[in-house]
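File shown here: protein31.cif, holding mmCIF, C-alpha atoms.
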data_coords
loop_
_atom_site.label_atom_id
_atom_site.label_comp_id
_atom_site.auth_asym_id
_atom_site.auth_seq_id
_atom_site.Cartn_x
_atom_site.Cartn_y
_atom_site.Cartn_z
CA MET B 1 0.00 0.00 0.00
CA HIS B 2 1.51 3.31 -1.05
CA GLY B 3 0.67 6.91 -0.32
CA THR B 4 -0.69 8.34 2.89
CA PHE B 5 -2.17 5.95 5.37
CA GLY B 6 -4.62 7.24 7.94
CA THR B 7 -5.81 5.33 10.94
CA VAL B 8 -8.41 6.45 13.41
CA HIS B 9 -8.41 5.25 16.98
CA GLY B 10 -11.40 6.21 19.04
CA LEU B 11 -12.45 9.64 19.96
CA HIS B 12 -10.08 11.94 18.23
CA GLY B 13 -7.86 9.39 16.57
CA GLU B 14 -4.36 9.12 15.43
CA LEU B 15 -3.39 9.65 11.82
CA LEU B 16 -0.22 7.92 10.60
CA ARG B 17 1.81 9.48 7.85
CA LYS B 18 0.85 6.44 5.99
CA GLY B 19 -1.90 6.03 8.52
CA GLY B 20 -4.07 7.71 11.13
CA ILE B 21 -5.80 6.82 14.38
CA GLY B 22 -9.08 8.30 15.55
CA ALA B 23 -12.36 9.27 13.86
CA GLY B 24 -12.99 12.40 15.84
CA PRO B 25 -12.90 15.92 14.36
CA GLY B 26 -9.08 16.09 14.19
CA GLY B 27 -8.52 12.66 12.66
CA LEU B 28 -11.43 13.01 10.23
CA GLN B 29 -10.38 16.46 9.03
CA ALA B 30 -6.81 15.25 8.46
CA ALA B 31 -8.06 12.19 6.58
CA ILE B 32 -10.30 14.34 4.36
CA TYR B 33 -7.44 16.69 3.48
CA LEU B 34 -5.07 13.82 2.70
CA GLY B 35 -7.78 12.05 0.71
CA ARG B 36 -8.29 15.21 -1.35
CA TYR B 37 -4.55 15.17 -2.08
CA ASN B 38 -5.18 11.71 -3.59
CA ARG B 39 -3.14 10.01 -0.89
CA ASP B 40 -4.11 6.49 0.21
CA VAL B 41 -5.61 6.92 3.66
CA LEU B 42 -6.71 4.32 6.20
CA LEU B 43 -8.73 5.52 9.15
CA ILE B 44 -8.86 3.18 12.17
CA ASP B 45 -11.63 3.97 14.64
CA ARG B 46 -12.54 2.12 17.81
CA GLY B 47 -15.89 3.95 18.11
CA GLY B 48 -17.28 6.17 20.82
CA GLY B 49 -15.38 9.18 22.06
CA ARG B 50 -16.08 12.45 23.81
CA THR B 51 -17.47 14.14 20.72
CA SER B 52 -20.23 11.55 20.51
CA HIS B 53 -21.55 12.68 23.92
CA ALA B 54 -22.20 16.23 22.69
CA HIS B 55 -25.88 16.75 21.85
CA PHE B 56 -25.86 20.52 21.31
CA ILE B 57 -22.94 21.92 19.31
CA GLU B 58 -23.82 25.49 18.42
CA ASN B 59 -20.42 27.10 17.84
CA VAL B 60 -19.51 25.51 14.50
CA LEU B 61 -19.70 27.98 11.63
CA THR B 62 -22.79 27.53 9.39
CA HIS B 63 -24.42 25.06 11.83
CA ARG B 64 -27.03 26.58 14.09
CA LEU B 65 -27.18 23.27 15.97
CA ILE B 66 -25.57 19.90 15.32
CA SER B 67 -24.76 16.91 17.50
CA GLY B 68 -21.34 15.33 17.88
CA MET B 69 -22.65 12.04 16.52
CA GLU B 70 -23.92 13.81 13.41
CA ILE B 71 -20.56 15.51 12.89
CA ILE B 72 -18.83 12.14 13.06
CA ARG B 73 -21.40 10.48 10.78
CA ARG B 74 -21.08 13.21 8.15
CA GLY B 75 -17.30 13.28 8.54
CA LEU B 76 -16.99 9.55 7.93
CA GLU B 77 -19.24 9.84 4.88
CA GLN B 78 -17.23 12.78 3.55
CA ALA B 79 -13.93 10.98 4.11
CA THR B 80 -15.24 7.92 2.28
CA ASN B 81 -16.12 10.14 -0.68
CA PHE B 82 -12.41 10.94 -0.97
CA ASN B 83 -11.48 7.24 -0.96
CA VAL B 84 -10.43 7.11 2.69
CA GLN B 85 -10.55 3.52 3.93
CA ILE B 86 -12.12 3.06 7.36
CA LYS B 87 -11.57 0.17 9.73
CA THR B 88 -13.00 -0.48 13.17
CA ASP B 89 -10.15 -1.52 15.44
CA ARG B 90 -8.18 -0.45 18.49
CA VAL B 91 -4.55 0.65 18.44
CA THR B 92 -2.67 -1.01 21.30
CA LYS B 93 0.94 0.04 20.80
CA ILE B 94 3.23 2.10 18.59
CA GLU B 95 6.95 1.49 18.15
CA LYS B 96 9.55 3.31 16.09
CA ASP B 97 12.60 1.63 14.66
CA GLY B 98 14.81 3.81 12.53
CA GLY B 99 12.60 5.92 10.31
CA LEU B 100 9.52 3.70 10.48
CA PHE B 101 6.66 3.43 12.95
CA THR B 102 4.96 0.11 13.59
CA VAL B 103 1.34 0.47 14.65
CA PHE B 104 -0.14 -2.53 16.42
CA THR B 105 -3.88 -3.03 16.63
CA SER B 106 -5.96 -5.75 18.23
CA ALA B 107 -6.27 -7.39 14.80
CA SER B 108 -3.16 -6.47 12.80
CA ALA B 109 -0.02 -4.32 12.49
CA TYR B 110 1.04 -1.60 10.07
CA ARG B 111 4.22 0.30 9.27
CA ALA B 112 4.37 3.98 8.46
CA VAL B 113 6.75 6.91 8.19
CA THR B 114 4.28 9.47 9.56
CA LEU B 115 1.40 9.23 12.02
CA ILE B 116 -1.34 11.62 13.08
CA VAL B 117 -2.72 10.93 16.55
CA SER B 118 -6.12 12.31 17.50
CA THR B 119 -7.46 10.02 20.20
CA GLY B 120 -8.41 12.82 22.56
CA VAL B 121 -9.48 12.54 26.17
CA SER B 122 -12.20 10.93 28.27
CA ASP B 123 -14.12 12.57 31.10
CA VAL B 124 -13.80 11.19 34.61
CA PHE B 125 -17.29 10.47 35.93
CA PRO B 126 -18.18 10.15 39.61
CA PRO B 127 -20.43 7.24 40.67
CA ILE B 128 -23.71 9.15 40.40
CA GLU B 129 -26.73 7.06 39.50
CA HIS B 130 -28.50 8.02 36.24
CA LEU B 131 -25.61 10.30 35.21
CA HIS B 132 -25.31 8.84 31.71
CA ARG B 133 -29.05 9.23 31.16
CA PHE B 134 -28.55 13.00 31.25
CA LEU B 135 -25.01 13.23 29.86
CA GLY B 136 -24.85 15.88 27.17
CA THR B 137 -28.42 17.10 27.72
CA SER B 138 -28.37 18.45 31.29
CA TYR B 139 -25.21 16.95 32.85
CA PHE B 140 -22.28 18.81 31.34
CA THR B 141 -18.50 18.80 31.75
CA CYS B 142 -17.32 21.59 29.41
CA ILE B 143 -18.12 25.25 29.99
CA ASP B 144 -16.98 26.26 26.50
CA CYS B 145 -19.11 23.55 24.89
CA ASP B 146 -22.29 23.59 26.95
CA GLY B 147 -22.24 26.49 29.40
CA TYR B 148 -24.66 28.40 27.19
CA ARG B 149 -27.22 25.58 27.53
CA THR B 150 -27.60 26.42 31.24
CA THR B 151 -28.54 30.07 30.67
CA GLY B 152 -31.20 31.13 33.17
CA LYS B 153 -31.55 27.62 34.61
CA LYS B 154 -31.31 26.37 38.16
CA LEU B 155 -27.76 25.03 38.18
CA VAL B 156 -25.56 22.90 40.42
CA VAL B 157 -21.80 23.01 39.97
CA THR B 158 -19.89 20.14 41.54
CA GLY B 159 -16.35 18.83 41.47
CA ASN B 160 -13.51 17.40 43.50
CA SER B 161 -10.86 20.11 43.07
CA LEU B 162 -10.54 23.86 43.43
CA ASN B 163 -11.00 24.12 39.66
CA ALA B 164 -14.67 23.54 40.39
CA VAL B 165 -14.76 26.72 42.49
CA ASN B 166 -13.55 28.78 39.54
CA LEU B 167 -16.07 26.97 37.36
CA ALA B 168 -18.92 27.94 39.68
CA LEU B 169 -17.82 31.59 39.66
CA ALA B 170 -17.61 31.63 35.86
CA MET B 171 -20.98 29.92 35.42
CA LYS B 172 -22.73 32.51 37.59
CA GLN B 173 -21.02 35.41 35.87
CA MET B 174 -21.90 34.29 32.35
CA PHE B 175 -24.95 32.05 32.39
CA THR B 176 -27.16 31.85 35.47
CA LYS B 177 -27.51 33.65 38.78
CA ASP B 178 -29.19 30.58 40.30
CA THR B 179 -25.99 28.63 40.92
CA THR B 180 -25.32 26.29 43.85
CA PHE B 181 -21.94 24.72 44.57
CA ILE B 182 -21.49 21.19 45.95
CA PRO B 183 -17.87 20.31 46.83
CA TYR B 184 -17.52 16.58 46.11
CA GLU B 185 -15.31 15.05 48.83
CA LEU B 186 -13.49 18.38 48.88
CA SER B 187 -12.58 20.52 51.89
CA LEU B 188 -12.77 24.15 50.84
CA PRO B 189 -10.11 26.52 52.14
CA PRO B 190 -11.53 29.60 53.89
CA SER B 191 -10.51 31.85 50.99
CA SER B 192 -12.62 29.83 48.53
CA SER B 193 -15.60 29.79 50.88
CA GLU B 194 -15.35 33.56 51.25
CA VAL B 195 -15.21 34.17 47.49
CA LEU B 196 -18.25 31.97 46.90
CA ALA B 197 -20.13 33.71 49.70
CA ASP B 198 -19.21 37.15 48.32
CA GLU B 199 -20.59 36.12 44.93
CA GLY B 200 -23.81 34.83 46.47
CA ILE B 201 -23.21 31.19 45.55
CA PRO B 202 -24.62 28.83 48.21
CA VAL B 203 -22.34 25.95 49.21
CA VAL B 204 -24.03 22.67 50.13
CA PRO B 205 -21.66 20.09 51.65
CA GLY B 206 -22.38 16.54 50.63
CA LYS B 207 -21.83 13.82 48.07
CA PRO B 208 -24.28 13.53 45.17
CA ILE B 209 -25.26 9.90 44.59
CA ARG B 210 -28.25 10.12 42.26
CA ILE B 211 -29.83 12.38 39.64
CA ILE B 212 -33.56 12.77 40.17
CA GLY B 213 -35.86 12.78 37.17
CA ALA B 214 -37.06 10.48 34.41
CA LYS B 215 -36.68 12.39 31.14
CA VAL B 216 -35.96 15.82 32.61
CA MET B 217 -33.48 16.53 35.38
CA GLU B 218 -35.27 17.61 38.54
CA GLY B 219 -32.48 17.58 41.09
CA LEU B 220 -29.66 15.79 42.89
CA GLU B 221 -29.93 13.46 45.85
CA LEU B 222 -27.04 13.55 48.30
CA GLU B 223 -25.65 10.68 50.33
CA ASP B 224 -27.45 11.88 53.47
CA GLY B 225 -30.80 11.97 51.68
CA THR B 226 -30.83 15.73 51.06
CA ARG B 227 -32.36 16.74 47.72
CA ILE B 228 -31.15 19.76 45.81
CA ALA B 229 -33.48 20.99 43.08
CA CYS B 230 -31.74 21.76 39.78
CA GLU B 231 -32.29 21.70 36.03
CA ALA B 232 -28.66 21.20 35.04
CA VAL B 233 -25.29 20.13 36.43
CA MET B 234 -21.89 21.43 35.37
CA ALA B 235 -19.25 19.03 36.70
CA SER B 236 -15.47 19.19 37.08
CA PHE B 237 -13.84 15.83 37.84
CA GLY B 238 -10.97 15.96 35.39
CA ILE B 239 -10.07 14.04 32.26
CA ARG B 240 -7.96 11.08 31.19
CA LEU B 241 -5.82 11.14 28.08
CA ASN B 242 -6.52 8.33 25.62
CA ASP B 243 -2.84 7.72 25.06
CA ASP B 244 -1.92 4.33 26.55
CA PHE B 245 -0.62 3.17 23.17
CA LEU B 246 1.95 5.99 23.19
CA SER B 247 3.61 4.85 26.42
CA GLY B 248 6.48 3.13 24.61
CA LEU B 249 7.57 6.34 22.87
CA SER B 250 9.71 9.10 24.33
CA LEU B 251 7.56 12.19 23.82
CA LYS B 252 7.98 15.64 25.35
CA LYS B 253 5.17 16.84 27.62
CA ASP B 254 4.35 20.19 29.20
CA ALA B 255 5.59 21.38 32.60
CA GLY B 256 2.74 19.59 34.35
CA ASN B 257 3.44 16.36 32.45
CA ALA B 258 -0.19 16.40 31.38
CA HIS B 259 -0.24 17.14 27.64
CA TYR B 260 2.06 16.62 24.68
CA VAL B 261 4.14 19.49 23.36
CA THR B 262 3.89 20.01 19.60
CA SER B 263 5.19 22.43 16.98
CA SER B 264 3.13 25.03 15.15
CA VAL B 265 2.09 22.30 12.68
CA TYR B 266 1.32 19.84 15.53
CA GLU B 267 4.33 17.60 15.06
CA SER B 268 5.43 16.10 18.38
CA SER B 269 9.00 15.89 19.69
CA LEU B 270 9.31 12.60 17.79
CA ARG B 271 9.75 13.36 14.11
CA GLY B 272 6.91 12.08 11.96
CA LEU B 273 4.39 11.80 14.81
CA TYR B 274 1.70 14.49 14.80
CA ILE B 275 -0.71 14.99 17.70
CA VAL B 276 -3.93 16.94 17.19
CA GLY B 277 -6.85 17.63 19.48
CA PRO B 278 -6.83 17.77 23.30
CA LEU B 279 -3.85 15.43 23.69
CA ASN B 280 -1.70 18.46 22.94
CA THR B 281 -1.55 21.69 24.93
CA GLY B 282 -4.35 23.44 23.03
CA GLN B 283 -8.06 23.81 23.72
CA ASP B 284 -10.53 20.91 23.56
CA GLN B 285 -13.01 22.09 20.93
CA VAL B 286 -14.39 20.46 17.77
CA VAL B 287 -13.46 23.35 15.49
CA ILE B 288 -9.96 23.64 16.99
CA ALA B 289 -9.23 19.91 16.64
CA ALA B 290 -10.45 20.01 13.05
CA GLY B 291 -8.21 22.98 12.28
CA GLU B 292 -5.23 21.20 13.80
CA GLY B 293 -5.97 18.10 11.71
CA ALA B 294 -6.05 20.21 8.56
CA THR B 295 -2.78 21.93 9.50
CA ALA B 296 -1.02 18.62 10.16
CA ALA B 297 -2.29 17.12 6.89
CA ILE B 298 -1.13 20.12 4.88
CA ASP B 299 2.33 19.88 6.44
CA ILE B 300 2.54 16.14 5.74
CA ASN B 301 1.58 16.69 2.11
CA LYS B 302 4.12 19.50 1.83
CA GLN B 303 6.83 17.16 3.07
CA LEU B 304 5.75 14.51 0.56
CA LEU B 305 6.04 16.99 -2.27
CA GLU B 306 9.49 18.03 -1.10
CA GLU B 307 10.87 14.51 -0.89
CA LYS B 308 13.66 13.86 -3.38
CA GLU B 309 12.71 10.26 -3.96
CA GLY B 310 9.38 8.73 -4.81
CA ARG B 311 6.42 10.30 -6.50
CA GLY B 312 4.81 12.20 -3.66
CA GLU B 313 4.49 9.11 -1.46
CA VAL B 314 5.05 9.20 2.25
CA CYS B 315 6.05 5.57 2.50
CA SER B 316 5.06 2.08 1.61
CA LEU B 317 2.77 0.75 4.33
CA ALA B 318 2.68 -3.01 4.61
CA GLU B 319 0.28 -5.06 6.67
CA HIS B 320 2.06 -7.68 8.76
CA PRO B 321 0.73 -11.21 8.98
#

Represent the structure contained in this file as structure tokens.
Amino acid sequence: MHGTFGTVHGLHGELLRKGGIGAGPGGLQAAIYLGRYNRDVLLIDRGGGRTSHAHFIENVLTHRLISGMEIIRRGLEQATNFNVQIKTDRVTKIEKDGGLFTVFTSASAYRAVTLIVSTGVSDVFPPIEHLHRFLGTSYFTCIDCDGYRTTGKKLVVTGNSLNAVNLALAMKQMFTKDTTFIPYELSLPPSSSEVLADEGIPVVPGKPIRIIGAKVMEGLELEDGTRIACEAVMASFGIRLNDDFLSGLSLKKDAGNAHYVTSSVYESSLRGLYIVGPLNTGQDQVVIAAGEGATAAIDINKQLLEEKEGRGEVCSLAEHP
């Protein structure tokens, strides 16, 4: 197999130079660009992902409202129109020997000169009953994505770190005055309690264990039986990077060792490996991940055109037995 190979792995996928991983916005946009350059692209997707949880995406140009699932569905269809091959699989490990990457999946293995990784992150969810029933409709985890959906509503902000305090302050300032804060197994320092009190945000100690309501959120039940009426929850429990398969590679991370450092074209510290979407140090947004995927694909194609040997190919990608 010659040309550009794209593999998608899960949520935001990884795109190899001869392949890519992840059928989220970053991986799909990269695959579409490379497909339009008439490169051979394979997209490997494990399914699911954070984008699929988004029901109300209203900040994508020309779309008044679109769901994450619809973006992915249309993206896969569009990629297919440009002869991108799509496989459902899970990338388990990546190795680099000399100038070639070997990408191992649960079903096969591939070799490539360049990879684009766009597997994104996963939210950490507390053990609250019925949470997933309301995920993306009234239980939210991203202020930039869904804060607007809480405008004027009776809101509870909860979380297990001081980041949740800042989240509560921001939510009240921008979206709703009716904001209550529940510190989840979190002891607030006096300074945080004072700031919340000054801003008129009630603090209710306790541990939410259940969301009340059948089709519409009506409130939260705490461990001690207390019920807090609310129409929406904005939660802050952190994220996990979907990057286990990168553990065998020596990649530079930021000062907090949380995200991968990339260049202006989203190439990582390991030549030939591009990382787009929230695995890098940028913002976690559909339009941003898509833009990064396009930038990485353009740079890969530019390098192909500049190669002295070959006819615009990145590498020959062979499937191992």

Two-atom distance - CA of Thr105 (chain B), CA of Leu42 (chain B) (Å): 13.1 Å

Of the residues B:Ala289, B:Ile182, B:Ala54, B:Ala235, which is the one nearest to Gly22 (chain B), using only C-alpha atoms?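 Ranked by minimum distance to Gly22 (chain B), first place goes to B:Ala289.
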
Between CA of Ser161 (chain B) and CA of Phe175 (chain B), what is the spacing in Å?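 Taking CA of Phe175 (chain B) as the start and CA of Ser161 (chain B) as the end point, the length is 21.3 Å.
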
Around (-17.0, 11.6, 13.2), as given in the file, which residues come within 7 Å? Count all atoms listed in the file and list them as a VMD selection string. chain B and resid 23 to 25 28 69 71 to 76

Pick the closest to Ser250 (chain B) from B:His63, B:Glu307, B:Ser268, B:Thr51: which is it, counting only C-alpha atoms?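 Using only C-alpha atoms, the shortest distance to Ser250 (chain B) belongs to B:Ser268.
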
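Excluding Ser192 (chain B) itself and any same-chain residue fewer than 2 positions from it, the protein and nucleic acid residues within 12 Å of it, counting only C-alpha atoms, are B:Ser161, B:Leu162, B:Asn163, B:Ala164, B:Val165, B:Asn166, B:Ala168, B:Leu169, B:Phe181, B:Pro183, B:Leu186, B:Ser187, B:Leu188, B:Pro189, B:Pro190, B:Glu194, B:Val195, B:Leu196, B:Ala197, B:Asp198, B:Glu199, B:Ile201, B:Val203.
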
Create the file for the chosen residues now, containing C-alpha atoms and written as an mmCIF file, in the coordinates of the input.
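To be explicit, this is the file written out as again-v3.cif:
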data_model
loop_
_atom_site.group_PDB
_atom_site.id
_atom_site.type_symbol
_atom_site.label_atom_id
_atom_site.label_comp_id
_atom_site.auth_asym_id
_atom_site.auth_seq_id
_atom_site.Cartn_x
_atom_site.Cartn_y
_atom_site.Cartn_z
ATOM 1 C CA SER B 161 -10.860 20.110 43.070
ATOM 2 C CA LEU B 162 -10.540 23.860 43.430
ATOM 3 C CA ASN B 163 -11.000 24.120 39.660
ATOM 4 C CA ALA B 164 -14.670 23.540 40.390
ATOM 5 C CA VAL B 165 -14.760 26.720 42.490
ATOM 6 C CA ASN B 166 -13.550 28.780 39.540
ATOM 7 C CA ALA B 168 -18.920 27.940 39.680
ATOM 8 C CA LEU B 169 -17.820 31.590 39.660
ATOM 9 C CA PHE B 181 -21.940 24.720 44.570
ATOM 10 C CA PRO B 183 -17.870 20.310 46.830
ATOM 11 C CA LEU B 186 -13.490 18.380 48.880
ATOM 12 C CA SER B 187 -12.580 20.520 51.890
ATOM 13 C CA LEU B 188 -12.770 24.150 50.840
ATOM 14 C CA PRO B 189 -10.110 26.520 52.140
ATOM 15 C CA PRO B 190 -11.530 29.600 53.890
ATOM 16 C CA GLU B 194 -15.350 33.560 51.250
ATOM 17 C CA VAL B 195 -15.210 34.170 47.490
ATOM 18 C CA LEU B 196 -18.250 31.970 46.900
ATOM 19 C CA ALA B 197 -20.130 33.710 49.700
ATOM 20 C CA ASP B 198 -19.210 37.150 48.320
ATOM 21 C CA GLU B 199 -20.590 36.120 44.930
ATOM 22 C CA ILE B 201 -23.210 31.190 45.550
ATOM 23 C CA VAL B 203 -22.340 25.950 49.210
#

Nearby residues (only C-alpha atoms) at most 10 Å from Cys142 (chain B), same-chain spacing under 4 positions excluded, as JSON, numbers by chain: {"B": [54, 123, 136, 146, 147, 167, 234, 235, 236, 284, 285]}

Spell out the residues picked by the PyMOL selection byres ((chain B and resi 290) around 8) here, as a PyMOL selection string. chain B and resi 25-30+277+286-289+291-294

What do you get, as an MDAnalysis selection string, if you spell out every residue that the PyMOL selection byres ((chain B and resi 55) around 7) selects here? chainID B and resid 53:54 56:57 67:68 136:137

Show me, as lines of an AutoDock Vina configuration file, the centre and edge lengths in Å to one decimal of the axis-aligned box that covers every listed atom of region 207-224 of chain B with 4 Å on each side.
center_x = -29.4
center_y = 13.8
center_z = 42.3
size_x = 23.2
size_y = 15.7
size_z = 30.3

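Taking CA of Thr88 (chain B) and CA of Arg46 (chain B) as the two end points, the separation is 5.3 Å.
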
So that I can check the surroundings of Asp89 (chain B), please list as JSON, numbers by chain every protein, DNA and RNA residue that reaches within 8 Å of it, counting all atoms listed in the file and ignoring chain neighbours fewer than 4 positions away. {"B": [9, 44, 45, 46, 105, 106, 107]}

Show which residues sit within 12 Å of region 211-223 of chain B, as JSON, numbers by chain. Count all atoms listed in the file, and ignore same-chain residues fewer than 3 positions away. {"B": [126, 127, 128, 129, 130, 131, 132, 133, 134, 135, 136, 137, 138, 139, 153, 154, 155, 156, 157, 158, 180, 181, 182, 183, 184, 185, 204, 205, 206, 207, 208, 226, 227, 228, 229, 230, 231, 232, 233]}

Restrict the selected residues to C-alpha atoms and save them as a PDB file, in the frame of the given file.
ATOM      1  CA  PRO B 126     -18.180  10.150  39.610  1.00  0.00           C
ATOM      2  CA  PRO B 127     -20.430   7.240  40.670  1.00  0.00           C
ATOM      3  CA  ILE B 128     -23.710   9.150  40.400  1.00  0.00           C
ATOM      4  CA  GLU B 129     -26.730   7.060  39.500  1.00  0.00           C
ATOM      5  CA  HIS B 130     -28.500   8.020  36.240  1.00  0.00           C
ATOM      6  CA  LEU B 131     -25.610  10.300  35.210  1.00  0.00           C
ATOM      7  CA  HIS B 132     -25.310   8.840  31.710  1.00  0.00           C
ATOM      8  CA  ARG B 133     -29.050   9.230  31.160  1.00  0.00           C
ATOM      9  CA  PHE B 134     -28.550  13.000  31.250  1.00  0.00           C
ATOM     10  CA  LEU B 135     -25.010  13.230  29.860  1.00  0.00           C
ATOM     11  CA  GLY B 136     -24.850  15.880  27.170  1.00  0.00           C
ATOM     12  CA  THR B 137     -28.420  17.100  27.720  1.00  0.00           C
ATOM     13  CA  SER B 138     -28.370  18.450  31.290  1.00  0.00           C
ATOM     14  CA  TYR B 139     -25.210  16.950  32.850  1.00  0.00           C
ATOM     15  CA  LYS B 153     -31.550  27.620  34.610  1.00  0.00           C
ATOM     16  CA  LYS B 154     -31.310  26.370  38.160  1.00  0.00           C
ATOM     17  CA  LEU B 155     -27.760  25.030  38.180  1.00  0.00           C
ATOM     18  CA  VAL B 156     -25.560  22.900  40.420  1.00  0.00           C
ATOM     19  CA  VAL B 157     -21.800  23.010  39.970  1.00  0.00           C
ATOM     20  CA  THR B 158     -19.890  20.140  41.540  1.00  0.00           C
ATOM     21  CA  THR B 180     -25.320  26.290  43.850  1.00  0.00           C
ATOM     22  CA  PHE B 181     -21.940  24.720  44.570  1.00  0.00           C
ATOM     23  CA  ILE B 182     -21.490  21.190  45.950  1.00  0.00           C
ATOM     24  CA  PRO B 183     -17.870  20.310  46.830  1.00  0.00           C
ATOM     25  CA  TYR B 184     -17.520  16.580  46.110  1.00  0.00           C
ATOM     26  CA  GLU B 185     -15.310  15.050  48.830  1.00  0.00           C
ATOM     27  CA  VAL B 204     -24.030  22.670  50.130  1.00  0.00           C
ATOM     28  CA  PRO B 205     -21.660  20.090  51.650  1.00  0.00           C
ATOM     29  CA  GLY B 206     -22.380  16.540  50.630  1.00  0.00           C
ATOM     30  CA  LYS B 207     -21.830  13.820  48.070  1.00  0.00           C
ATOM     31  CA  PRO B 208     -24.280  13.530  45.170  1.00  0.00           C
ATOM     32  CA  THR B 226     -30.830  15.730  51.060  1.00  0.00           C
ATOM     33  CA  ARG B 227     -32.360  16.740  47.720  1.00  0.00           C
ATOM     34  CA  ILE B 228     -31.150  19.760  45.810  1.00  0.00           C
ATOM     35  CA  ALA B 229     -33.480  20.990  43.080  1.00  0.00           C
ATOM     36  CA  CYS B 230     -31.740  21.760  39.780  1.00  0.00           C
ATOM     37  CA  GLU B 231     -32.290  21.700  36.030  1.00  0.00           C
ATOM     38  CA  ALA B 232     -28.660  21.200  35.040  1.00  0.00           C
ATOM     39  CA  VAL B 233     -25.290  20.130  36.430  1.00  0.00           C
TER      40      VAL B 233
END

Run the PyMOL selection byres ((chain B and resi 121) around 12) on the file and write out the hits as number ranges by chain. B: 9-13, 22, 24, 48-51, 117-120, 122-124, 238-244, 258-259, 276-280, 283-285

Hey, which of B:Ile32, B:Ala255, B:Leu270, B:Cys145 ends up closest to Asn81 (chain B)? Count all atoms listed in the file.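 Comparing B:Ile32, B:Ala255, B:Leu270, B:Cys145 against Asn81 (chain B), the winner is B:Ile32.
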
Which one is closest to Leu273 (chain B): B:Asp40, B:Asp224, B:Asp299, B:Asp254? Count only C-alpha atoms.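 Comparing B:Asp40, B:Asp224, B:Asp299, B:Asp254 against Leu273 (chain B), the winner is B:Asp299.
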
Selection near Lys93 (chain B), 10 Å with all atoms listed in the file, sequence-local residues under 2 positions removed, as a ChimeraX atom specification: /B:90-91,95,102-106,109,243-249

Given the choices B:Phe237, B:Gln78, B:Val261, B:Glu70, which gets closest to Thr141 (chain B) if the distance is worked out from all atoms listed in the file?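 Nearest candidate to Thr141 (chain B) out of B:Phe237, B:Gln78, B:Val261, B:Glu70: B:Phe237.
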
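Comparing the minimum interatomic distances between Gln303 (chain B) and each of B:Gly159, B:Val113, B:Tyr260, B:Asp178, counting all atoms listed in the file, we find that B:Val113 sits nearest.
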
Just region 283-294 of chain B from the block, N, CA and C atoms, as a short mmCIF file (atom, residue, chain, number, x, y, z; two decimals), in the first residue's frame, could you?
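What ended up in out-v7.cif:
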data_model
loop_
_atom_site.label_atom_id
_atom_site.label_comp_id
_atom_site.auth_asym_id
_atom_site.auth_seq_id
_atom_site.Cartn_x
_atom_site.Cartn_y
_atom_site.Cartn_z
N GLN B 283 -6.71 23.88 23.17
CA GLN B 283 -8.06 23.81 23.72
C GLN B 283 -8.83 22.62 23.15
N ASP B 284 -9.74 22.07 23.96
CA ASP B 284 -10.53 20.91 23.56
C ASP B 284 -11.85 21.37 22.95
N GLN B 285 -11.82 21.65 21.65
CA GLN B 285 -13.01 22.09 20.93
C GLN B 285 -13.04 21.42 19.56
N VAL B 286 -14.23 21.12 19.07
CA VAL B 286 -14.39 20.46 17.77
C VAL B 286 -13.70 21.25 16.66
N VAL B 287 -13.99 22.56 16.60
CA VAL B 287 -13.46 23.35 15.49
C VAL B 287 -11.93 23.48 15.60
N ILE B 288 -11.42 23.52 16.82
CA ILE B 288 -9.96 23.64 16.99
C ILE B 288 -9.27 22.35 16.58
N ALA B 289 -9.81 21.21 17.02
CA ALA B 289 -9.23 19.91 16.64
C ALA B 289 -9.25 19.73 15.14
N ALA B 290 -10.36 20.13 14.50
CA ALA B 290 -10.45 20.01 13.05
C ALA B 290 -9.40 20.88 12.36
N GLY B 291 -9.22 22.10 12.86
CA GLY B 291 -8.21 22.98 12.28
C GLY B 291 -6.81 22.41 12.43
N GLU B 292 -6.54 21.81 13.59
CA GLU B 292 -5.23 21.20 13.80
C GLU B 292 -5.02 20.01 12.86
N GLY B 293 -6.07 19.22 12.65
CA GLY B 293 -5.97 18.10 11.71
C GLY B 293 -5.66 18.56 10.31
N ALA B 294 -6.31 19.66 9.89
CA ALA B 294 -6.05 20.21 8.56
C ALA B 294 -4.61 20.72 8.46
#
